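Shown next: start_32.tsv, given as TSV, C-alpha atoms and all ligand atoms.
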chain	number	residue	atom	x	y	z
A	9	MET	CA	34.41	40.00	11.83
A	10	LYS	CA	37.51	41.94	11.10
A	11	MET	CA	37.52	45.70	10.88
A	12	ASP	CA	40.22	48.27	10.73
A	13	ALA	CA	40.40	49.71	14.23
A	14	LYS	CA	40.61	53.25	12.93
A	15	LYS	CA	37.31	52.85	11.11
A	16	LEU	CA	35.41	51.73	14.17
A	17	GLY	CA	34.85	55.16	15.62
A	18	MET	CA	33.71	56.47	12.28
A	19	ALA	CA	31.32	53.58	11.66
A	20	VAL	CA	29.73	54.18	15.00
A	21	GLY	CA	29.52	57.91	14.41
A	22	LEU	CA	27.52	57.57	11.20
A	23	THR	CA	24.40	56.13	12.76
A	24	SER	CA	24.50	58.06	16.00
A	25	ILE	CA	21.60	60.37	16.26
A	26	LEU	CA	21.43	61.75	19.74
A	27	ALA	CA	23.71	63.96	21.74
A	28	LEU	CA	24.98	63.39	25.21
A	29	ALA	CA	22.79	66.18	26.51
A	30	ALA	CA	19.70	64.02	26.07
A	31	CYS	CA	20.71	61.79	28.97
A	32	GLY	CA	19.91	63.94	31.93
A	33	ASP	CA	16.20	64.47	31.48
A	34	GLY	CA	15.16	60.84	31.82
A	35	GLY	CA	11.41	61.07	31.46
A	36	ASP	CA	9.90	62.87	34.42
A	37	THR	CA	6.67	62.95	32.48
A	38	ALA	CA	6.19	59.34	31.46
A	39	ALA	CA	6.39	57.56	34.79
A	40	GLY	CA	2.70	56.82	35.15
A	41	ASP	CA	1.83	54.49	32.29
A	42	ASP	CA	3.80	51.39	32.98
A	43	SER	CA	4.31	51.39	36.70
A	44	ASN	CA	1.31	49.29	37.73
A	45	GLY	CA	2.96	45.90	37.59
A	46	GLU	CA	2.57	45.58	33.84
A	47	SER	CA	5.50	44.64	31.71
A	48	VAL	CA	7.23	47.62	30.17
A	49	ASP	CA	7.50	47.02	26.44
A	50	ALA	CA	10.08	48.32	24.04
A	51	SER	CA	7.80	49.66	21.32
A	52	ASP	CA	8.55	53.30	22.07
A	53	LEU	CA	12.30	52.82	22.10
A	54	ARG	CA	14.15	54.66	19.41
A	55	GLU	CA	17.73	54.08	20.41
A	56	ILE	CA	20.13	51.86	22.22
A	57	THR	CA	22.00	53.78	24.90
A	58	GLY	CA	25.67	53.30	24.06
A	59	ILE	CA	29.02	54.42	25.43
A	60	ASP	CA	32.15	55.92	23.82
A	61	GLY	CA	32.52	55.38	20.09
A	62	GLY	CA	35.83	53.51	20.23
A	63	ALA	CA	34.55	50.77	22.53
A	64	GLY	CA	34.41	47.32	20.96
A	65	ILE	CA	30.86	46.92	22.19
A	66	MET	CA	29.80	49.86	20.01
A	67	ALA	CA	31.10	48.23	16.83
A	68	ALA	CA	29.42	44.98	17.90
A	69	THR	CA	26.16	46.86	18.44
A	70	GLU	CA	26.33	48.36	14.94
A	71	THR	CA	26.68	44.80	13.67
A	72	ALA	CA	23.75	43.71	15.85
A	73	ILE	CA	21.53	46.49	14.48
A	74	ASP	CA	22.32	45.28	10.92
A	75	THR	CA	22.19	41.56	11.65
A	76	TYR	CA	18.87	41.66	13.47
A	77	GLY	CA	17.38	44.43	11.30
A	78	LEU	CA	16.63	46.66	14.26
A	79	ASP	CA	14.97	50.00	13.68
A	80	LEU	CA	17.00	51.61	16.46
A	81	GLY	CA	19.76	54.19	16.53
A	82	LEU	CA	22.84	53.87	18.68
A	83	GLN	CA	23.48	56.74	21.04
A	84	VAL	CA	27.17	57.50	21.50
A	85	SER	CA	28.01	58.87	24.94
A	86	SER	CA	30.24	57.48	27.69
A	87	GLY	CA	30.18	54.78	30.31
A	88	ALA	CA	29.16	57.32	32.95
A	89	ALA	CA	26.35	58.78	30.82
A	90	MET	CA	25.09	55.27	30.03
A	91	THR	CA	24.81	54.31	33.70
A	92	GLU	CA	23.16	57.65	34.49
A	93	ALA	CA	20.56	57.07	31.77
A	94	LEU	CA	20.04	53.53	33.05
A	95	GLY	CA	19.49	54.75	36.61
A	96	ASN	CA	17.05	57.43	35.44
A	97	ALA	CA	15.06	54.95	33.35
A	98	ILE	CA	14.86	52.49	36.22
A	99	ALA	CA	13.74	55.21	38.65
A	100	ASN	CA	10.84	55.87	36.26
A	101	GLU	CA	10.35	52.23	35.21
A	102	GLU	CA	10.79	53.11	31.58
A	103	ALA	CA	12.05	51.01	28.70
A	104	ILE	CA	15.79	51.25	28.05
A	105	VAL	CA	18.39	49.10	26.29
A	106	VAL	CA	22.05	49.69	27.06
A	107	THR	CA	25.35	48.36	25.82
A	108	GLY	CA	26.34	46.40	28.91
A	109	TRP	CA	29.24	44.36	30.15
A	110	THR	CA	30.40	42.16	32.99
A	111	PRO	CA	32.21	42.81	35.30
A	112	HIS	CA	30.21	45.91	36.18
A	113	TRP	CA	28.61	47.28	39.36
A	114	LYS	CA	25.28	47.89	37.59
A	115	PHE	CA	24.32	44.20	37.97
A	116	GLY	CA	24.59	44.51	41.74
A	117	ALA	CA	22.80	47.85	41.88
A	118	TYR	CA	19.84	47.02	39.59
A	119	ASP	CA	17.82	44.00	38.42
A	120	LEU	CA	19.11	43.57	34.88
A	121	LYS	CA	19.31	40.87	32.25
A	122	TYR	CA	21.34	40.27	29.10
A	123	LEU	CA	19.27	39.81	25.96
A	124	ASP	CA	19.75	36.49	24.19
A	125	ASP	CA	21.88	36.84	21.10
A	126	PRO	CA	20.97	33.86	18.88
A	127	GLU	CA	23.17	35.14	16.04
A	128	GLY	CA	26.20	35.32	18.34
A	129	VAL	CA	27.06	38.90	17.41
A	130	TYR	CA	28.54	39.70	20.82
A	131	GLY	CA	30.67	36.56	21.04
A	132	GLY	CA	30.97	34.36	24.09
A	133	GLU	CA	33.01	34.53	27.22
A	134	GLU	CA	35.84	37.03	27.10
A	135	SER	CA	39.08	37.42	28.98
A	136	ILE	CA	40.81	40.67	29.83
A	137	HIS	CA	44.49	40.74	28.90
A	138	THR	CA	47.45	42.79	30.06
A	139	PHE	CA	49.59	44.28	27.28
A	140	THR	CA	52.88	46.15	27.38
A	141	ARG	CA	54.98	48.01	24.89
A	142	GLU	CA	57.90	46.12	23.43
A	143	GLY	CA	60.98	46.38	25.63
A	144	LEU	CA	59.27	46.97	28.96
A	145	ALA	CA	60.50	43.61	30.30
A	146	GLU	CA	64.08	44.76	29.72
A	147	ASP	CA	63.61	48.40	30.75
A	148	ALA	CA	61.50	47.81	33.86
A	149	PRO	CA	61.65	44.11	34.77
A	150	GLU	CA	60.10	44.57	38.22
A	151	ALA	CA	57.12	46.44	36.82
A	152	ASN	CA	56.81	43.86	34.10
A	153	ALA	CA	56.77	41.08	36.70
A	154	VAL	CA	53.94	42.76	38.67
A	155	LEU	CA	51.95	43.31	35.48
A	156	ASP	CA	52.54	39.71	34.44
A	157	ASN	CA	51.38	38.41	37.85
A	158	PHE	CA	48.29	40.63	38.03
A	159	TYR	CA	45.20	38.40	38.04
A	160	TRP	CA	41.94	38.80	39.93
A	161	THR	CA	38.29	37.78	39.97
A	162	GLU	CA	34.86	39.33	39.58
A	163	ASP	CA	34.37	39.66	43.35
A	164	ASP	CA	37.68	41.50	43.61
A	165	MET	CA	36.92	43.93	40.82
A	166	ASN	CA	33.36	44.46	42.00
A	167	ALA	CA	34.51	45.48	45.46
A	168	VAL	CA	36.59	48.30	43.98
A	169	MET	CA	33.93	49.33	41.44
A	170	VAL	CA	31.19	49.52	44.08
A	171	ASP	CA	33.28	51.75	46.35
A	172	ILE	CA	33.96	54.10	43.43
A	173	GLN	CA	30.32	54.05	42.39
A	174	GLU	CA	29.35	54.98	45.95
A	175	GLY	CA	31.52	58.05	45.70
A	176	MET	CA	34.99	57.01	46.82
A	177	ASP	CA	37.95	58.39	44.93
A	178	PRO	CA	39.33	55.63	42.62
A	179	GLU	CA	42.83	55.84	44.16
A	180	GLU	CA	41.41	55.48	47.65
A	181	ALA	CA	39.14	52.59	46.64
A	182	ALA	CA	42.14	50.84	45.07
A	183	ALA	CA	44.34	51.46	48.11
A	184	ASN	CA	41.67	50.09	50.45
A	185	TRP	CA	41.23	46.99	48.33
A	186	VAL	CA	44.99	46.42	48.22
A	187	ASP	CA	45.16	46.73	52.05
A	188	GLU	CA	42.30	44.28	52.48
A	189	ASN	CA	43.70	41.75	50.01
A	190	ALA	CA	47.32	41.64	51.09
A	191	ASP	CA	47.61	37.88	50.51
A	192	LEU	CA	46.57	38.04	46.87
A	193	VAL	CA	48.61	41.17	46.25
A	194	SER	CA	51.69	39.54	47.76
A	195	GLU	CA	51.44	36.90	45.01
A	196	TRP	CA	51.72	39.67	42.42
A	197	THR	CA	54.81	41.11	44.08
A	198	ASP	CA	56.41	37.79	45.01
A	199	GLY	CA	60.12	37.94	44.22
A	200	VAL	CA	59.86	41.52	42.96
A	201	ASP	CA	62.62	43.82	44.23
A	202	GLN	CA	61.95	47.40	45.33
A	203	VAL	CA	62.89	50.10	42.82
A	204	ASN	CA	63.74	53.77	43.33
A	205	GLY	CA	61.03	55.91	41.82
A	206	GLU	CA	61.42	54.89	38.19
A	207	SER	CA	58.49	55.96	36.02
A	208	VAL	CA	55.87	53.65	34.60
A	209	SER	CA	52.93	54.82	32.52
A	210	LEU	CA	49.59	53.04	32.32
A	211	ALA	CA	46.96	53.80	29.69
A	212	TYR	CA	43.27	53.09	30.20
A	213	VAL	CA	39.80	54.05	29.04
A	214	SER	CA	37.29	55.46	31.54
A	215	TRP	CA	35.14	52.34	31.66
A	216	ASP	CA	34.18	51.49	35.26
A	217	SER	CA	35.88	48.09	35.07
A	218	GLU	CA	39.13	49.59	33.77
A	219	ILE	CA	39.13	52.51	36.21
A	220	ALA	CA	39.10	49.88	38.97
A	221	SER	CA	41.73	47.55	37.54
A	222	THR	CA	44.14	50.27	36.45
A	223	ASN	CA	44.04	52.04	39.81
A	224	VAL	CA	44.70	48.78	41.65
A	225	VAL	CA	47.71	48.01	39.46
A	226	LYS	CA	48.95	51.57	39.97
A	227	THR	CA	48.75	51.16	43.75
A	228	VAL	CA	50.67	47.89	43.66
A	229	LEU	CA	53.37	49.26	41.36
A	230	GLU	CA	53.75	52.23	43.71
A	231	SER	CA	54.13	49.83	46.63
A	232	VAL	CA	57.26	48.41	44.99
A	233	GLY	CA	58.67	51.88	44.41
A	234	TYR	CA	57.47	53.00	40.98
A	235	ASP	CA	56.25	56.46	40.13
A	236	VAL	CA	53.11	55.60	38.15
A	237	GLU	CA	51.36	57.90	35.75
A	238	LEU	CA	47.82	57.02	34.61
A	239	SER	CA	46.45	58.40	31.36
A	240	SER	CA	42.81	58.05	30.43
A	241	MET	CA	42.22	58.07	26.69
A	242	GLU	CA	39.97	56.89	23.93
A	243	SER	CA	40.17	53.18	23.14
A	244	ALA	CA	41.97	53.45	19.80
A	245	PHE	CA	44.60	55.72	21.35
A	246	MET	CA	45.18	53.26	24.17
A	247	TRP	CA	46.11	50.55	21.68
A	248	THR	CA	48.26	52.82	19.50
A	249	ALA	CA	50.03	54.30	22.53
A	250	ILE	CA	51.19	50.83	23.59
A	251	ALA	CA	52.09	49.83	20.02
A	252	GLU	CA	54.13	52.99	19.50
A	253	GLY	CA	55.79	52.80	22.90
A	254	GLU	CA	54.29	56.07	24.17
A	255	GLN	CA	52.72	54.26	27.12
A	256	ASP	CA	54.23	51.32	28.97
A	257	ALA	CA	51.25	49.10	29.63
A	258	MET	CA	47.51	48.62	29.88
A	259	VAL	CA	45.34	46.01	31.62
A	260	ALA	CA	42.29	46.61	29.42
A	261	GLY	CA	42.50	44.35	26.36
A	262	TRP	CA	39.24	42.42	25.90
A	263	LEU	CA	39.65	39.28	23.78
A	264	PRO	CA	38.88	37.37	21.69
A	265	ALA	CA	35.99	39.42	20.30
A	266	THR	CA	35.55	42.87	21.85
A	267	HIS	CA	38.95	44.28	20.89
A	268	GLU	CA	39.64	41.90	18.03
A	269	ALA	CA	40.02	44.67	15.47
A	270	TYR	CA	42.53	46.58	17.61
A	271	TYR	CA	44.38	43.40	18.47
A	272	GLU	CA	44.68	42.38	14.81
A	273	ASP	CA	46.06	45.80	13.92
A	274	TYR	CA	48.67	45.92	16.68
A	275	LYS	CA	49.47	42.38	17.80
A	276	ASP	CA	52.91	42.40	16.15
A	277	GLN	CA	53.92	45.61	17.95
A	278	ILE	CA	52.79	44.80	21.49
A	279	VAL	CA	53.52	42.18	24.14
A	280	ASP	CA	50.62	40.09	25.50
A	281	LEU	CA	51.29	39.26	29.15
A	282	GLY	CA	48.18	37.12	29.23
A	283	VAL	CA	44.91	37.07	31.07
A	284	ASN	CA	44.22	39.16	34.17
A	285	PHE	CA	40.50	38.40	34.38
A	286	GLU	CA	38.33	35.54	33.12
A	287	GLY	CA	34.59	35.38	32.59
A	288	ALA	CA	33.99	38.83	31.10
A	289	LYS	CA	31.05	39.37	28.76
A	290	ILE	CA	29.43	42.03	26.58
A	291	GLY	CA	25.90	42.36	25.22
A	292	LEU	CA	22.67	44.28	25.24
A	293	VAL	CA	21.21	44.70	28.71
A	294	VAL	CA	17.72	45.70	29.87
A	295	PRO	CA	15.96	45.98	33.25
A	296	THR	CA	14.18	42.75	34.22
A	297	TYR	CA	10.85	44.61	34.34
A	298	MET	CA	10.95	44.55	30.53
A	299	GLU	CA	9.39	41.09	30.75
A	300	ASP	CA	8.51	40.74	27.07
A	301	VAL	CA	12.02	41.53	25.89
A	302	ASN	CA	14.34	38.59	26.35
A	303	SER	CA	16.16	38.38	23.05
A	304	ILE	CA	17.65	40.94	20.71
A	305	GLU	CA	15.05	39.68	18.23
A	306	ASP	CA	12.34	41.07	20.55
A	307	LEU	CA	13.63	44.60	19.79
A	308	LYS	CA	12.48	44.39	16.16
A	401	LIG	N1	33.81	47.63	27.50
A	401	LIG	C1	34.49	47.56	28.79
A	401	LIG	C2	34.92	47.80	26.56
A	401	LIG	C3	35.95	46.91	27.04
A	401	LIG	C4	35.85	47.10	28.52
A	401	LIG	C5	33.10	46.35	27.31
A	401	LIG	C6	32.92	48.74	27.49
A	401	LIG	C7	34.64	47.77	25.06
A	401	LIG	O1	33.50	47.53	24.66
A	401	LIG	O2	35.56	48.01	24.29

As structure tokens, what does this structure read like?
Amino acid sequence: MKMDAKKLGMAVGLTSILALAACGDGGDTAAGDDSNGESVDASDLREITGIDGGAGIMAATETAIDTYGLDLGLQVSSGAAMTEALGNAIANEEAIVVTGWTPHWKFGAYDLKYLDDPEGVYGGEESIHTFTREGLAEDAPEANAVLDNFYWTEDDMNAVMVDIQEGMDPEEAAANWVDENADLVSEWTDGVDQVNGESVSLAYVSWDSEIASTNVVKTVLESVGYDVELSSMESAFMWTAIAEGEQDAMVAGWLPATHEAYYEDYKDQIVDLGVNFEGAKIGLVVPTYMEDVNSIEDLK
């Protein structure tokens, strides 16, 4: 699948039917029917609860709706609204299907399962890559070295995500994690000289996984003397900002599938510093109490 990155948001927008406002009132009235140990079926579902329109998982979900012939809309909202809707549905033991990904705190907080994807629409295992603008290695070699060395695991990222989910400020959660993982962090700063307050800008999208990773990298860059500015933006802007040199770096490039369209558009204008996380995944996710729904085909 190859799509023009700029068309992704539009393609998603066309089939979106519900507004963000629908998320808060998660079914106070319908709790009774399915809460007696019976499996909750999906026959009343009318939409898949999505996230922001520029996310790669949204384009993949449009493809899934076509490929599997699903009679479901795709609700465009945000990562935060998706997890709120998920929590509300679970509190009421109602049917819900969300665009889900790993690493994410929701798998620790709730009993969830990925739906099988026999057509392979969502791809396989993904890695998260660090990208910089061209020239950063020359302009800010110490920052570039830290970014190049940045690599962590699911347990690491989860620890930060869970603290944020439980209400901690992202900067504080990142700082705590950095304190508690001094050995690993010292590998990222090994041989890196202190600098004197030079600026570095990091772009990210407000996905829980990227809020965690970007704040950790910010903390570490600050520890070697950088003045770090974080900018949260829509996915397409994150990629263009790096390609056009408006932002220095990002640690949020999901490959090979999720951000393939963005990567194909910009790969000649950006620098790939390689993988910072292995074993990521995207797909459709449901609560395990939806016992009769195990494959995307079961949503037909
Ligand atoms: N995500 C999280 C992003 C990449 C990181 C899976 C929501 C996406 O779909 O583009």

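With all atoms listed in the file as the atoms that count, the residue of A:Tyr234, A:Trp160, A:Trp196, A:Tyr271 with the shortest distance to ligand LIG 401 (chain A) is A:Tyr271.
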
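You can rank A:Thr110, A:Asn100, A:Lys121, A:Gln277 by their closest distance to Glu133 of chain A using only C-alpha atoms, and at the top of that list sits A:Thr110.
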
All residues within 6 Å of ligand LIG 401 (chain A) are required, counting all atoms listed in the file; please report them as number ranges by chain.
A: 63-65, 109, 215, 262, 266, 290

Using all atoms listed in the file, which protein or nucleic acid residues come within 12 Å of Met169 of chain A? Drop anything in the same chain fewer than 5 positions from it, and give the result as a ChimeraX atom specification.
/A:110-117,162-164,174-182,184-185,215-224

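As for atom CA of Val225 of chain A and atom CA of Ile250 of chain A, they are spaced 16.5 Å apart.
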
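What separates atom CA of Glu286 of chain A from atom CA of Gly131 of chain A is a distance of 14.3 Å.
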
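Proximity ranking of A:Pro126, A:Gly132, A:Gly87, A:Gly233 relative to Gly62 of chain A places A:Gly87 first, based on all atoms listed in the file.
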
One decimal, Å: what's the distance from atom CA of Ala190 of chain A over to atom CA of Met246 of chain A, could you say?
29.4 Å

What lies within 12 Å of segment 295-305 of chain A using only C-alpha atoms, ignoring chain neighbours under 4 positions off, as a ChimeraX atom specification?
/A:42-51,53,56,69,72-80,94-108,114-115,117-130,291

Pick out the residues sitting within 12 Å of Val200 of chain A, and hand them over as a short mmCIF file (atom, residue, chain, number, x, y, z; two decimals) with C-alpha atoms, in the coordinates of the input; count only C-alpha atoms, and ignore anything fewer than 4 positions along from it in its own chain.
data_model
loop_
_atom_site.label_atom_id
_atom_site.label_comp_id
_atom_site.auth_asym_id
_atom_site.auth_seq_id
_atom_site.Cartn_x
_atom_site.Cartn_y
_atom_site.Cartn_z
CA ALA A 148 61.50 47.81 33.86
CA PRO A 149 61.65 44.11 34.77
CA GLU A 150 60.10 44.57 38.22
CA ALA A 151 57.12 46.44 36.82
CA ASN A 152 56.81 43.86 34.10
CA ALA A 153 56.77 41.08 36.70
CA VAL A 154 53.94 42.76 38.67
CA LEU A 155 51.95 43.31 35.48
CA ASP A 156 52.54 39.71 34.44
CA ASN A 157 51.38 38.41 37.85
CA VAL A 193 48.61 41.17 46.25
CA SER A 194 51.69 39.54 47.76
CA GLU A 195 51.44 36.90 45.01
CA TRP A 196 51.72 39.67 42.42
CA VAL A 228 50.67 47.89 43.66
CA LEU A 229 53.37 49.26 41.36
CA SER A 231 54.13 49.83 46.63
CA VAL A 232 57.26 48.41 44.99
CA GLY A 233 58.67 51.88 44.41
CA TYR A 234 57.47 53.00 40.98
#

Compile the contact shell of Thr140 of chain A as a PyMOL selection string: residues with an atom at most 12 Å away, counting all atoms listed in the file, same-chain residues fewer than 2 positions apart removed.
chain A and resi 137-138+142-149+151-156+208-211+246-261+274-282

Which polymer residues have any atom within 6 Å of an atom of Asn284 of chain A, counting only C-alpha atoms, with same-chain residues fewer than 6 positions away left out, as number ranges by chain?
A: 136-137, 158-159

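Across A:Met241, A:Ala183, A:Ile172, A:Ala93, the tightest approach to Val294 of chain A is made by A:Ala93 when counting all atoms listed in the file.
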